[in-house]
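For reference, the structure is listed below as structure tokens.
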Amino acid sequence: MDKETLYKELLSRLEPMISCETNAVSVMANASALMREVMGERFFWTGFYTVNGDRLELGPFQGTSACYRIKHGRGVCGTAWARNETLVVPDVEEFPGHIACSSLSRSEIVVPMTDATGTVQSVIDVDSRELGAFDDVDARYLNEAAAIIAKVIYRS
């Protein structure tokens, strides 16, 4: 299946799966599992980092072990948080200050999730083993997924 079809399947399953849950960790755990299930090997690592003070802390994920904490403005995740914008990185080796949690990661997309006030509370982080794996299609659909998840978690 093509990428867009997979994302449409993901979105069609996501909201019904999480809409009645009130525990944020449970929502993120099942959302990351669903993303990995639907997207398969396209997503080498998929998960969440949540804001705690001046750093992001590792949340539920699917994939290999990961960094526990990321400072505000550091790496792809910390930069996406600081800018409150989705970052698509075709080659992580070329991203200034990239934090290599896994040497297998080659490209990455990070999508901030905000509460009702627009404050970033967490980010979705997805890595691929392939260079240039992510594009505007990924950004569009992962932003939609982030909005669905944030609405449930932050009741915004």
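Going by the structure tokens order, chains are called A, B, ..., each with residues numbered from 1, while ligands are numbered from 1 in the order shown.
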Contact residues around segment 53-58 of chain A with only C-alpha atoms at 9 Å, ignoring same-chain residues under 5 positions, as a list in words: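 Near segment 53-58 of chain A, the qualifying residues are Gly47, Phe48, Ala66, Cys67, Tyr68, Arg69, Ile70, Lys71, His72, Gly73, Cys77, Gly78, Trp81, Ser122 and Val123 of chain A.
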Exercise: Cys20 of chain A partners within 9 Å, only C-alpha atoms, chain neighbours under 3 positions left out, as JSON, numbers by chain: {"A": [16, 17, 152]}
Contacts of segment 135-146 of chain A within 10 Å, only C-alpha atoms, excl. fewer than 5 positions in-chain, as a PyMOL selection string: chain A and resi 3-4+6-8+10-12+14-15+31+35+85-90+108-114+122-126+151-152
Picked from segment 1-55 of chain A by DSSP as helix (DSSP H, G or I), as a ChimeraX atom specification: /A:3-18,24-42
Atomic distance atom CA of Leu131 of chain A - atom CA of Met1 of chain A, expressed in Å with one decimal: 19.9 Å
If you run DSSP on this backbone, which residues of chain A come out as strand (DSSP E or B), and could you give them as an mmCIF file with N, CA, C and O atoms, in the first residue's frame?
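Result written to states.cif:
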```cif
data_model
loop_
_atom_site.group_PDB
_atom_site.id
_atom_site.type_symbol
_atom_site.label_atom_id
_atom_site.label_comp_id
_atom_site.auth_asym_id
_atom_site.auth_seq_id
_atom_site.Cartn_x
_atom_site.Cartn_y
_atom_site.Cartn_z
ATOM 1 N N TRP A 45 11.384 3.635 14.525
ATOM 2 C CA TRP A 45 11.130 3.997 15.925
ATOM 3 C C TRP A 45 9.999 5.001 15.930
ATOM 4 O O TRP A 45 9.986 5.950 15.151
ATOM 5 N N THR A 46 9.037 4.803 16.800
ATOM 6 C CA THR A 46 7.939 5.756 16.921
ATOM 7 C C THR A 46 7.541 5.890 18.385
ATOM 8 O O THR A 46 7.427 4.887 19.088
ATOM 9 N N GLY A 47 7.425 7.111 18.839
ATOM 10 C CA GLY A 47 7.074 7.293 20.231
ATOM 11 C C GLY A 47 6.879 8.742 20.605
ATOM 12 O O GLY A 47 6.780 9.624 19.747
ATOM 13 N N PHE A 48 6.861 8.961 21.906
ATOM 14 C CA PHE A 48 6.548 10.263 22.467
ATOM 15 C C PHE A 48 7.607 10.699 23.474
ATOM 16 O O PHE A 48 8.176 9.873 24.189
ATOM 17 N N TYR A 49 7.833 11.999 23.493
ATOM 18 C CA TYR A 49 8.581 12.643 24.565
ATOM 19 C C TYR A 49 7.651 13.688 25.157
ATOM 20 O O TYR A 49 6.967 14.396 24.411
ATOM 21 N N THR A 50 7.616 13.788 26.473
ATOM 22 C CA THR A 50 6.739 14.759 27.130
ATOM 23 C C THR A 50 7.555 15.845 27.824
ATOM 24 O O THR A 50 8.662 15.591 28.310
ATOM 25 N N VAL A 51 6.990 17.028 27.855
ATOM 26 C CA VAL A 51 7.667 18.168 28.466
ATOM 27 C C VAL A 51 7.631 18.035 29.989
ATOM 28 O O VAL A 51 6.573 17.777 30.578
ATOM 29 N N ASN A 52 8.796 18.230 30.596
ATOM 30 C CA ASN A 52 8.911 18.290 32.053
ATOM 31 C C ASN A 52 9.951 19.358 32.363
ATOM 32 O O ASN A 52 11.149 19.119 32.264
ATOM 33 N N ARG A 55 13.062 20.205 29.834
ATOM 34 C CA ARG A 55 13.495 19.059 29.028
ATOM 35 C C ARG A 55 12.311 18.197 28.619
ATOM 36 O O ARG A 55 11.232 18.267 29.207
ATOM 37 N N LEU A 56 12.559 17.405 27.599
ATOM 38 C CA LEU A 56 11.608 16.380 27.185
ATOM 39 C C LEU A 56 12.030 15.079 27.845
ATOM 40 O O LEU A 56 13.232 14.787 27.928
ATOM 41 N N GLU A 57 11.058 14.300 28.286
ATOM 42 C CA GLU A 57 11.352 13.005 28.888
ATOM 43 C C GLU A 57 10.683 11.908 28.082
ATOM 44 O O GLU A 57 9.552 12.065 27.603
ATOM 45 N N LEU A 58 11.385 10.810 27.949
ATOM 46 C CA LEU A 58 10.913 9.671 27.178
ATOM 47 C C LEU A 58 9.570 9.182 27.682
ATOM 48 O O LEU A 58 9.369 8.994 28.879
ATOM 49 N N GLY A 59 8.661 8.985 26.741
ATOM 50 C CA GLY A 59 7.356 8.422 27.036
ATOM 51 C C GLY A 59 7.203 7.095 26.315
ATOM 52 O O GLY A 59 8.195 6.500 25.880
ATOM 53 N N PRO A 60 5.978 6.631 26.157
ATOM 54 C CA PRO A 60 5.743 5.360 25.475
ATOM 55 C C PRO A 60 6.286 5.374 24.044
ATOM 56 O O PRO A 60 6.205 6.393 23.349
ATOM 57 N N PHE A 61 6.825 4.232 23.630
ATOM 58 C CA PHE A 61 7.384 4.128 22.283
ATOM 59 C C PHE A 61 7.415 2.690 21.821
ATOM 60 O O PHE A 61 7.249 1.761 22.604
ATOM 61 N N GLN A 62 7.665 2.531 20.522
ATOM 62 C CA GLN A 62 7.901 1.235 19.893
ATOM 63 C C GLN A 62 9.229 1.334 19.168
ATOM 64 O O GLN A 62 9.446 2.263 18.390
ATOM 65 N N ARG A 69 16.227 11.764 28.221
ATOM 66 C CA ARG A 69 15.913 13.190 28.349
ATOM 67 C C ARG A 69 16.577 13.980 27.226
ATOM 68 O O ARG A 69 17.697 13.684 26.824
ATOM 69 N N ILE A 70 15.872 15.020 26.782
ATOM 70 C CA ILE A 70 16.387 15.898 25.734
ATOM 71 C C ILE A 70 16.121 17.332 26.182
ATOM 72 O O ILE A 70 14.973 17.690 26.505
ATOM 73 N N LYS A 71 17.142 18.149 26.181
ATOM 74 C CA LYS A 71 16.991 19.541 26.612
ATOM 75 C C LYS A 71 16.256 20.373 25.562
ATOM 76 O O LYS A 71 16.326 20.100 24.361
ATOM 77 N N LEU A 87 9.205 19.230 12.283
ATOM 78 C CA LEU A 87 10.487 19.196 11.593
ATOM 79 C C LEU A 87 10.633 17.886 10.832
ATOM 80 O O LEU A 87 10.481 16.807 11.409
ATOM 81 N N VAL A 88 10.923 18.002 9.544
ATOM 82 C CA VAL A 88 11.220 16.853 8.693
ATOM 83 C C VAL A 88 12.709 16.910 8.395
ATOM 84 O O VAL A 88 13.188 17.884 7.811
ATOM 85 N N VAL A 89 13.430 15.870 8.806
ATOM 86 C CA VAL A 89 14.885 15.846 8.647
ATOM 87 C C VAL A 89 15.252 14.674 7.743
ATOM 88 O O VAL A 89 15.213 13.513 8.165
ATOM 89 N N SER A 107 16.744 9.142 9.089
ATOM 90 C CA SER A 107 15.910 10.324 8.891
ATOM 91 C C SER A 107 14.846 10.350 9.984
ATOM 92 O O SER A 107 14.599 9.338 10.641
ATOM 93 N N GLU A 108 14.234 11.533 10.161
ATOM 94 C CA GLU A 108 13.367 11.712 11.324
ATOM 95 C C GLU A 108 12.314 12.778 11.049
ATOM 96 O O GLU A 108 12.539 13.708 10.282
ATOM 97 N N ILE A 109 11.179 12.613 11.708
ATOM 98 C CA ILE A 109 10.143 13.645 11.718
ATOM 99 C C ILE A 109 9.668 13.788 13.158
ATOM 100 O O ILE A 109 9.485 12.786 13.852
ATOM 101 N N VAL A 110 9.513 15.026 13.595
ATOM 102 C CA VAL A 110 9.047 15.304 14.956
ATOM 103 C C VAL A 110 7.892 16.294 14.862
ATOM 104 O O VAL A 110 7.999 17.330 14.207
ATOM 105 N N VAL A 111 6.793 15.933 15.547
ATOM 106 C CA VAL A 111 5.567 16.724 15.514
ATOM 107 C C VAL A 111 5.188 17.146 16.934
ATOM 108 O O VAL A 111 4.912 16.291 17.777
ATOM 109 N N PRO A 112 5.173 18.449 17.217
ATOM 110 C CA PRO A 112 4.753 18.913 18.547
ATOM 111 C C PRO A 112 3.261 18.664 18.782
ATOM 112 O O PRO A 112 2.457 18.723 17.844
ATOM 113 N N MET A 113 2.917 18.396 20.030
ATOM 114 C CA MET A 113 1.516 18.286 20.441
ATOM 115 C C MET A 113 1.262 19.357 21.485
ATOM 116 O O MET A 113 2.005 19.462 22.468
ATOM 117 N N THR A 114 0.228 20.159 21.259
ATOM 118 C CA THR A 114 -0.040 21.301 22.130
ATOM 119 C C THR A 114 -1.359 21.139 22.882
ATOM 120 O O THR A 114 -2.258 20.412 22.444
ATOM 121 N N VAL A 120 3.324 23.640 23.833
ATOM 122 C CA VAL A 120 3.774 22.275 23.550
ATOM 123 C C VAL A 120 3.860 21.500 24.857
ATOM 124 O O VAL A 120 4.504 21.928 25.811
ATOM 125 N N GLN A 121 3.200 20.352 24.879
ATOM 126 C CA GLN A 121 3.201 19.475 26.047
ATOM 127 C C GLN A 121 3.969 18.178 25.786
ATOM 128 O O GLN A 121 4.420 17.519 26.722
ATOM 129 N N SER A 122 4.097 17.822 24.510
ATOM 130 C CA SER A 122 4.805 16.605 24.131
ATOM 131 C C SER A 122 5.095 16.655 22.635
ATOM 132 O O SER A 122 4.630 17.563 21.932
ATOM 133 N N VAL A 123 5.880 15.682 22.173
ATOM 134 C CA VAL A 123 6.150 15.572 20.742
ATOM 135 C C VAL A 123 6.019 14.107 20.325
ATOM 136 O O VAL A 123 6.268 13.203 21.116
ATOM 137 N N ILE A 124 5.609 13.915 19.084
ATOM 138 C CA ILE A 124 5.679 12.602 18.449
ATOM 139 C C ILE A 124 7.003 12.574 17.699
ATOM 140 O O ILE A 124 7.313 13.501 16.938
ATOM 141 N N ASP A 125 7.766 11.530 17.901
ATOM 142 C CA ASP A 125 9.063 11.368 17.247
ATOM 143 C C ASP A 125 9.022 10.075 16.439
ATOM 144 O O ASP A 125 8.684 9.020 16.981
ATOM 145 N N VAL A 126 9.333 10.168 15.148
ATOM 146 C CA VAL A 126 9.374 8.987 14.289
ATOM 147 C C VAL A 126 10.697 8.975 13.540
ATOM 148 O O VAL A 126 11.088 9.980 12.951
ATOM 149 N N ASP A 127 11.375 7.840 13.593
ATOM 150 C CA ASP A 127 12.654 7.665 12.907
ATOM 151 C C ASP A 127 12.532 6.585 11.841
ATOM 152 O O ASP A 127 11.720 5.666 11.967
ATOM 153 N N SER A 128 13.377 6.704 10.826
ATOM 154 C CA SER A 128 13.460 5.700 9.767
ATOM 155 C C SER A 128 14.911 5.286 9.569
ATOM 156 O O SER A 128 15.827 6.085 9.792
#
```
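What separates atom CA of Met28 of chain A from atom CA of Glu94 of chain A is a distance of 29.0 Å.
Among the candidate residues A:Val38, A:Ala24, A:Ala133, A:Ala33, the one lying nearest to Thr5 of chain A is A:Val38, with distances computed using only C-alpha atoms.
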